[in-house]
Amino acid sequence: MALGLLLLLFIGMSVVSGLGILFLFLMKDRKKRKPVFYFLVVWGMFIAFLSARSLPTNFIMQQVLAWAIGFVSIIALLVYLTAKTERQYYISYILVSCSVVIGILRLFYLI
C-alpha cells in the first residue's frame, strides 16, 4: 500500500515537473513564461523541503545537499531578476530546471 502511494507521488511529481519544464522552454512569449518560471522556483524549493525532511535527523550532510539543490532555484531567481539579455534568462531557466530534476532524483534516491 505504502509503496503504491510512493509510486503515485513519484509519477505525479514527475509529470508536474516535466510539464513545467516543457512549458518553460516551449513558450515563446517571456510574459507567459514568467508565472511558469516562478512556479518552478517554488516547486524546486518544495522538493528540497520534502527531500530534507524525509531524511533522518542524523543525516546532516544529505540534508545540507538537499537544501543546496533547492538553493539553486533561488540562484536562478536572482539571475532572472537581474537578467538583461535573453542569454541570462535562459541560464536562469536551465538552473531552475536542473534544481527541479536533480531534486526529484535526489528525493526518490535515484542519485
# chains A, B, ... in the order shown; residues from 1 in each chain; ligands from 1
>>> residues_around(residues="range 83-93 of chain A", least_positions_apart="2", cutoff="10 Å", atoms="only C-alpha atoms", output="ChimeraX atom specification")
/A:21,24-25,30,33,37,40-41,72-81,95-99
>>> write_last_selection(atoms="C-alpha atoms", output="PDB file, in the first residue's frame")
ATOM      1  CA  ILE A  21       9.942  22.452 -17.733  1.00  0.00           C
ATOM      2  CA  LEU A  24       9.159  26.927 -19.712  1.00  0.00           C
ATOM      3  CA  PHE A  25      11.228  26.136 -22.783  1.00  0.00           C
ATOM      4  CA  ARG A  30       8.501  35.832 -21.945  1.00  0.00           C
ATOM      5  CA  ARG A  33       6.844  32.102 -19.217  1.00  0.00           C
ATOM      6  CA  PHE A  37       9.279  30.111 -14.001  1.00  0.00           C
ATOM      7  CA  LEU A  40       9.196  26.072 -10.847  1.00  0.00           C
ATOM      8  CA  VAL A  41      11.263  28.103  -8.366  1.00  0.00           C
ATOM      9  CA  VAL A  72      19.910  26.555  -6.934  1.00  0.00           C
ATOM     10  CA  SER A  73      16.290  27.631  -7.547  1.00  0.00           C
ATOM     11  CA  ILE A  74      16.917  30.780  -5.529  1.00  0.00           C
ATOM     12  CA  ILE A  75      20.086  31.449  -7.517  1.00  0.00           C
ATOM     13  CA  ALA A  76      18.043  31.015 -10.706  1.00  0.00           C
ATOM     14  CA  LEU A  77      15.520  33.542  -9.386  1.00  0.00           C
ATOM     15  CA  LEU A  78      18.276  36.059  -8.648  1.00  0.00           C
ATOM     16  CA  VAL A  79      19.745  35.577 -12.127  1.00  0.00           C
ATOM     17  CA  TYR A  80      16.270  36.004 -13.635  1.00  0.00           C
ATOM     18  CA  LEU A  81      15.548  39.195 -11.701  1.00  0.00           C
ATOM     19  CA  LEU A  95      19.335  26.471 -13.392  1.00  0.00           C
ATOM     20  CA  VAL A  96      15.751  26.085 -12.183  1.00  0.00           C
ATOM     21  CA  SER A  97      15.252  23.056 -14.434  1.00  0.00           C
ATOM     22  CA  CYS A  98      18.369  21.403 -13.024  1.00  0.00           C
ATOM     23  CA  SER A  99      17.227  22.146  -9.497  1.00  0.00           C
TER      24      SER A  99
END
>>> residues_around(residues="Tyr109 in chain A", least_positions_apart="5", cutoff="12 Å", atoms="only C-alpha atoms", output="ChimeraX atom specification")
/A:10,51,54-55,62,66,102-104
>>> select_by_dssp(residues="range 18-56 of chain A", states="alpha helix (DSSP H)", output="PyMOL selection string")
chain A and resi 18-26+30-53
>>> atom_distance(atom1="CA of Ile11 in chain A", atom2="CA of Ile111 in chain A")
16.8 Å
>>> atom_distance(atom1="CA of Met13 in chain A", atom2="CA of Ile69 in chain A")
16.4 Å
>>> atom_distance(atom1="CA of Trp67 in chain A", atom2="CA of Ala48 in chain A")
5.4 Å
